[in-house]
file target.cif (mmCIF, C-alpha atoms)
data_data
loop_
_atom_site.label_atom_id
_atom_site.label_comp_id
_atom_site.auth_asym_id
_atom_site.auth_seq_id
_atom_site.Cartn_x
_atom_site.Cartn_y
_atom_site.Cartn_z
CA MET A 267 25.24 -12.51 14.59
CA GLN A 268 26.01 -14.03 18.00
CA ALA A 269 22.76 -12.69 19.43
CA LEU A 270 20.75 -14.18 16.55
CA THR A 271 22.54 -17.51 16.85
CA ALA A 272 21.85 -17.56 20.59
CA SER A 273 18.15 -16.76 20.17
CA HIS A 274 17.35 -18.67 16.94
CA GLY A 275 19.87 -21.46 16.65
CA PRO A 276 23.03 -22.00 14.64
CA ASP A 277 21.43 -22.47 11.18
CA PRO A 278 20.62 -19.10 9.52
CA ASN A 279 18.61 -20.93 6.85
CA ARG A 280 16.01 -21.67 9.51
CA TRP A 281 15.69 -18.10 10.75
CA THR A 282 12.68 -16.05 9.66
CA LEU A 283 12.09 -12.33 9.93
CA ALA A 284 8.61 -13.00 11.29
CA GLU A 285 10.18 -14.53 14.41
CA LEU A 286 11.85 -11.23 15.25
CA GLN A 287 9.96 -8.33 13.76
CA THR A 288 7.07 -6.43 15.28
CA LEU A 289 4.86 -3.96 13.45
CA LEU A 290 3.34 -0.90 15.07
CA PHE A 291 0.25 0.68 13.55
CA ARG A 292 0.35 4.20 14.92
CA HIS A 293 -3.00 6.01 15.05
CA GLU A 294 -3.21 9.70 14.14
CA LEU A 295 -4.33 10.50 17.70
CA SER A 296 -1.59 8.44 19.30
CA GLY A 297 0.27 10.52 21.85
CA ALA A 298 -2.39 13.26 21.90
CA PHE A 299 -2.76 12.77 25.66
CA PRO A 300 -1.07 10.54 28.27
CA GLY A 301 -2.00 6.89 27.76
CA SER A 302 -3.47 7.43 24.29
CA CYS A 303 -0.86 5.21 22.61
CA ALA A 304 -2.23 2.16 24.43
CA LEU A 305 -5.78 3.12 23.45
CA PHE A 306 -5.20 3.89 19.77
CA ASP A 307 -2.12 2.03 18.51
CA LEU A 308 -2.15 -1.56 17.28
CA GLN A 309 0.95 -3.69 17.94
CA THR A 310 1.51 -6.98 16.17
CA THR A 311 4.22 -9.58 16.25
CA GLY A 312 5.41 -11.99 13.64
CA PHE A 313 5.52 -9.67 10.65
CA GLY A 314 7.93 -10.72 7.90
CA GLY A 315 7.73 -7.75 5.55
CA GLY A 316 10.58 -5.44 4.64
CA ASN A 317 11.64 -2.72 2.21
CA SER A 318 12.08 -5.13 -0.70
CA THR A 319 9.26 -7.62 -0.06
CA LEU A 320 5.66 -7.99 -1.14
CA GLY A 321 4.58 -7.35 2.45
CA ARG A 322 6.14 -3.88 2.48
CA ALA A 323 7.37 -2.51 5.78
CA ARG A 324 9.47 0.45 6.83
CA HIS A 325 11.86 0.59 9.75
CA ARG A 326 14.73 2.64 11.05
CA TYR A 327 18.11 1.09 10.46
CA THR A 328 18.88 1.65 14.14
CA SER A 329 15.86 -0.55 15.05
CA PRO A 330 15.70 -3.12 12.23
CA PHE A 331 13.15 -5.45 13.85
CA LYS A 332 10.58 -2.79 14.75
CA ALA A 333 8.61 -1.97 11.62
CA THR A 334 6.93 1.43 11.87
CA GLY A 335 5.10 1.62 8.58
CA CYS A 336 3.63 -0.61 5.91
CA ALA A 337 1.31 -0.74 2.93
CA THR A 338 -2.04 0.18 4.43
CA VAL A 339 -4.22 -1.42 1.80
CA ARG A 340 -3.90 -4.40 -0.52
CA VAL A 341 -6.10 -4.52 -3.60
CA VAL A 342 -6.30 -7.25 -6.23
CA LEU A 343 -8.50 -6.96 -9.31
CA GLU A 344 -9.35 -10.10 -11.23
CA MET A 345 -9.79 -8.99 -14.83
CA SER A 346 -12.61 -11.38 -15.61
CA ASP A 347 -16.12 -10.73 -16.86
CA PRO A 348 -17.42 -9.39 -14.56
CA ILE A 349 -14.34 -7.94 -12.87
CA ARG A 350 -13.89 -9.21 -9.34
CA ALA A 351 -12.18 -7.05 -6.72
CA TYR A 352 -10.62 -7.96 -3.39
CA ALA A 353 -9.02 -5.76 -0.73
CA VAL A 354 -7.93 -5.63 2.88
CA THR A 355 -6.73 -2.87 5.19
CA PRO A 356 -5.06 -3.56 8.54
CA GLY A 357 -6.88 -0.80 10.40
CA GLY A 358 -10.35 -1.92 9.35
CA GLN A 359 -12.91 0.58 8.11
CA SER A 360 -13.30 2.75 11.16
CA GLY A 361 -10.11 4.04 12.79
CA HIS A 362 -12.14 4.54 15.98
CA PRO A 363 -10.81 2.37 18.84
CA LEU A 364 -14.27 1.75 20.30
CA SER A 365 -15.73 0.59 16.98
CA PRO A 366 -15.95 -3.14 16.22
CA HIS A 367 -14.48 -2.21 12.81
CA ASP A 368 -11.35 -0.53 14.21
CA SER A 369 -9.06 -3.49 13.53
CA ASP A 370 -11.44 -6.17 12.29
CA GLN A 371 -9.37 -6.75 9.13
CA LEU A 372 -5.98 -6.96 10.87
CA ASP A 373 -5.85 -10.77 11.08
CA PHE A 374 -6.79 -11.04 7.39
CA TRP A 375 -4.09 -8.49 6.49
CA MET A 376 -1.42 -10.21 8.61
CA SER A 377 -2.14 -13.62 7.05
CA GLY A 378 -2.24 -12.28 3.47
CA GLN A 379 -5.96 -12.89 2.97
CA LEU A 380 -8.21 -10.59 0.95
CA LEU A 381 -11.91 -9.79 1.30
CA PRO A 382 -14.26 -9.54 -1.69
CA LEU A 383 -15.55 -6.11 -2.70
CA ALA A 384 -18.95 -5.48 -4.24
CA ASN A 385 -18.90 -5.04 -8.01
CA SER A 386 -21.81 -2.63 -8.07
CA PRO A 387 -24.05 -0.74 -5.67
CA GLU A 388 -26.67 -3.46 -6.17
CA ASP A 389 -24.21 -6.10 -4.93
CA ALA A 390 -23.48 -4.24 -1.70
CA ARG A 391 -25.58 -4.78 1.36
CA PRO A 392 -27.55 -1.59 1.83
CA ALA A 393 -26.45 0.62 4.68
CA ILE A 394 -29.22 2.76 6.03
CA THR A 395 -28.49 5.95 7.93
CA VAL A 396 -31.37 7.78 9.48
CA LEU A 397 -30.86 11.34 10.72
CA HIS A 398 -33.32 12.77 13.22
CA PRO A 399 -33.41 16.51 13.80
CA GLN A 400 -33.16 17.62 17.40
CA SER A 401 -36.11 19.61 18.72
#
call {"tool": "encode", "arguments": {"input": "target.cif", "output": "structure tokens"}}
result
Amino acid sequence: MQALTASHGPDPNRWTLAELQTLLFRHELSGAFPGSCALFDLQTTGFGGGNSTLGRARHRYTSPFKATGCATVRVVLEMSDPIRAYAVTPGGQSGHPLSPHDSDQLDFWMSGQLLPLANSPEDARPAITVLHPQS
């Protein structure tokens, strides 16, 4: 309590978890070779989620302000006609650290924003993949 008072002031009603807590997104390849943690992992600050909050987060009780896990996707379906769907994932669509889509949704996820999903294949922008056989 003394440490929190010293760092955040005497009024606990003004303290927020987001001022203290960090969130580590650990990649599956993290730690596979020396230095890979810095290449693959995503570290954020200012995360206010916990075990009993909407912004779910997991932490060890020995390190209460270092969240090590969280909900990895948020999905909201608007039950209208037609149904509208929204989602966001903190790691983006790729998971590859050199891809522009590795963490392109992280800011949306951290701020609680959602991105619209296509309702049908016709609504999605077409992705074209061309495979060329090697000679």
call {"tool": "atom_distance", "arguments": {"input": "target.cif", "atom1": "CA of Gly312 in chain A", "atom2": "CA of Ala272 in chain A"}}
result
18.7 Å
call {"tool": "resolve_selection", "arguments": {"input": "target.cif", "expression": "the PyMOL selection byres ((chain A and resi 281-293) around 6)", "output": "JSON, numbers by chain"}}
result
{"A": [278, 279, 280, 294, 295, 296, 306, 307, 308, 309, 310, 311, 312, 313, 314, 331, 332, 333, 334]}
call {"tool": "write_last_selection", "arguments": {"input": "target.cif", "atoms": "C-alpha atoms", "output": "short mmCIF file (atom, residue, chain, number, x, y, z; two decimals), keeping the file's coordinate frame"}}
result
data_model
loop_
_atom_site.label_atom_id
_atom_site.label_comp_id
_atom_site.auth_asym_id
_atom_site.auth_seq_id
_atom_site.Cartn_x
_atom_site.Cartn_y
_atom_site.Cartn_z
CA PRO A 278 20.62 -19.10 9.52
CA ASN A 279 18.61 -20.93 6.85
CA ARG A 280 16.01 -21.67 9.51
CA GLU A 294 -3.21 9.70 14.14
CA LEU A 295 -4.33 10.50 17.70
CA SER A 296 -1.59 8.44 19.30
CA PHE A 306 -5.20 3.89 19.77
CA ASP A 307 -2.12 2.03 18.51
CA LEU A 308 -2.15 -1.56 17.28
CA GLN A 309 0.95 -3.69 17.94
CA THR A 310 1.51 -6.98 16.17
CA THR A 311 4.22 -9.58 16.25
CA GLY A 312 5.41 -11.99 13.64
CA PHE A 313 5.52 -9.67 10.65
CA GLY A 314 7.93 -10.72 7.90
CA PHE A 331 13.15 -5.45 13.85
CA LYS A 332 10.58 -2.79 14.75
CA ALA A 333 8.61 -1.97 11.62
CA THR A 334 6.93 1.43 11.87
#
call {"tool": "closest_residue", "arguments": {"input": "target.cif", "among": "A:Ser386, A:Gln379, A:Ser369, A:Thr395", "to": "Val342 in chain A", "atoms": "only C-alpha atoms"}}
result
A:Gln379
call {"tool": "atom_distance", "arguments": {"input": "target.cif", "atom1": "CA of Gly361 in chain A", "atom2": "CA of Cys303 in chain A"}}
result
13.5 Å
call {"tool": "closest_residue", "arguments": {"input": "target.cif", "among": "A:Ala298, A:Leu343, A:Ala269, A:Ala337", "to": "Thr355 in chain A", "atoms": "all atoms listed in the file"}}
result
A:Ala337
call {"tool": "residues_around", "arguments": {"input": "target.cif", "residues": "Thr338 in chain A", "least_positions_apart": "3", "cutoff": "12 Å", "atoms": "all atoms listed in the file", "output": "mmCIF file with C-alpha atoms, in the frame of the given file"}}
result
data_model
loop_
_atom_site.group_PDB
_atom_site.id
_atom_site.type_symbol
_atom_site.label_atom_id
_atom_site.label_comp_id
_atom_site.auth_asym_id
_atom_site.auth_seq_id
_atom_site.Cartn_x
_atom_site.Cartn_y
_atom_site.Cartn_z
ATOM 1 C CA LEU A 290 3.340 -0.900 15.070
ATOM 2 C CA PHE A 291 0.250 0.680 13.550
ATOM 3 C CA ARG A 292 0.350 4.200 14.920
ATOM 4 C CA GLY A 321 4.580 -7.350 2.450
ATOM 5 C CA ARG A 322 6.140 -3.880 2.480
ATOM 6 C CA ALA A 323 7.370 -2.510 5.780
ATOM 7 C CA ARG A 324 9.470 0.450 6.830
ATOM 8 C CA THR A 334 6.930 1.430 11.870
ATOM 9 C CA GLY A 335 5.100 1.620 8.580
ATOM 10 C CA VAL A 341 -6.100 -4.520 -3.600
ATOM 11 C CA ALA A 353 -9.020 -5.760 -0.730
ATOM 12 C CA VAL A 354 -7.930 -5.630 2.880
ATOM 13 C CA THR A 355 -6.730 -2.870 5.190
ATOM 14 C CA PRO A 356 -5.060 -3.560 8.540
ATOM 15 C CA GLY A 357 -6.880 -0.800 10.400
ATOM 16 C CA GLY A 358 -10.350 -1.920 9.350
ATOM 17 C CA GLN A 359 -12.910 0.580 8.110
ATOM 18 C CA GLN A 371 -9.370 -6.750 9.130
ATOM 19 C CA LEU A 372 -5.980 -6.960 10.870
ATOM 20 C CA TRP A 375 -4.090 -8.490 6.490
ATOM 21 C CA MET A 376 -1.420 -10.210 8.610
#
call {"tool": "atom_distance", "arguments": {"input": "target.cif", "atom1": "CA of Ile349 in chain A", "atom2": "CA of Asp389 in chain A"}}
result
12.8 Å
call {"tool": "resolve_selection", "arguments": {"input": "target.cif", "expression": "the PyMOL selection byres ((chain A and resi 385) around 12)", "output": "JSON, numbers by chain"}}
result
{"A": [343, 344, 346, 347, 348, 349, 350, 351, 352, 382, 383, 384, 386, 387, 388, 389, 390, 391]}
call {"tool": "write_last_selection", "arguments": {"input": "target.cif", "atoms": "C-alpha atoms", "output": "mmCIF file, keeping the file's coordinate frame"}}
result
data_model
loop_
_atom_site.group_PDB
_atom_site.id
_atom_site.type_symbol
_atom_site.label_atom_id
_atom_site.label_comp_id
_atom_site.auth_asym_id
_atom_site.auth_seq_id
_atom_site.Cartn_x
_atom_site.Cartn_y
_atom_site.Cartn_z
ATOM 1 C CA LEU A 343 -8.500 -6.960 -9.310
ATOM 2 C CA GLU A 344 -9.350 -10.100 -11.230
ATOM 3 C CA SER A 346 -12.610 -11.380 -15.610
ATOM 4 C CA ASP A 347 -16.120 -10.730 -16.860
ATOM 5 C CA PRO A 348 -17.420 -9.390 -14.560
ATOM 6 C CA ILE A 349 -14.340 -7.940 -12.870
ATOM 7 C CA ARG A 350 -13.890 -9.210 -9.340
ATOM 8 C CA ALA A 351 -12.180 -7.050 -6.720
ATOM 9 C CA TYR A 352 -10.620 -7.960 -3.390
ATOM 10 C CA PRO A 382 -14.260 -9.540 -1.690
ATOM 11 C CA LEU A 383 -15.550 -6.110 -2.700
ATOM 12 C CA ALA A 384 -18.950 -5.480 -4.240
ATOM 13 C CA SER A 386 -21.810 -2.630 -8.070
ATOM 14 C CA PRO A 387 -24.050 -0.740 -5.670
ATOM 15 C CA GLU A 388 -26.670 -3.460 -6.170
ATOM 16 C CA ASP A 389 -24.210 -6.100 -4.930
ATOM 17 C CA ALA A 390 -23.480 -4.240 -1.700
ATOM 18 C CA ARG A 391 -25.580 -4.780 1.360
#
call {"tool": "residues_around", "arguments": {"input": "target.cif", "residues": "Gln268 in chain A", "least_positions_apart": "5", "cutoff": "12 Å", "atoms": "all atoms listed in the file", "output": "PyMOL selection string"}}
result
chain A and resi 273-278
call {"tool": "axis_aligned_box", "arguments": {"input": "target.cif", "around": "range 360-370 of chain A", "padding_each_side": "8 Å", "output": "JSON"}}
result
{"center_x": -12.5, "center_y": -0.8, "center_z": 15.7, "size_x": 22.9, "size_y": 26.7, "size_z": 25.1}
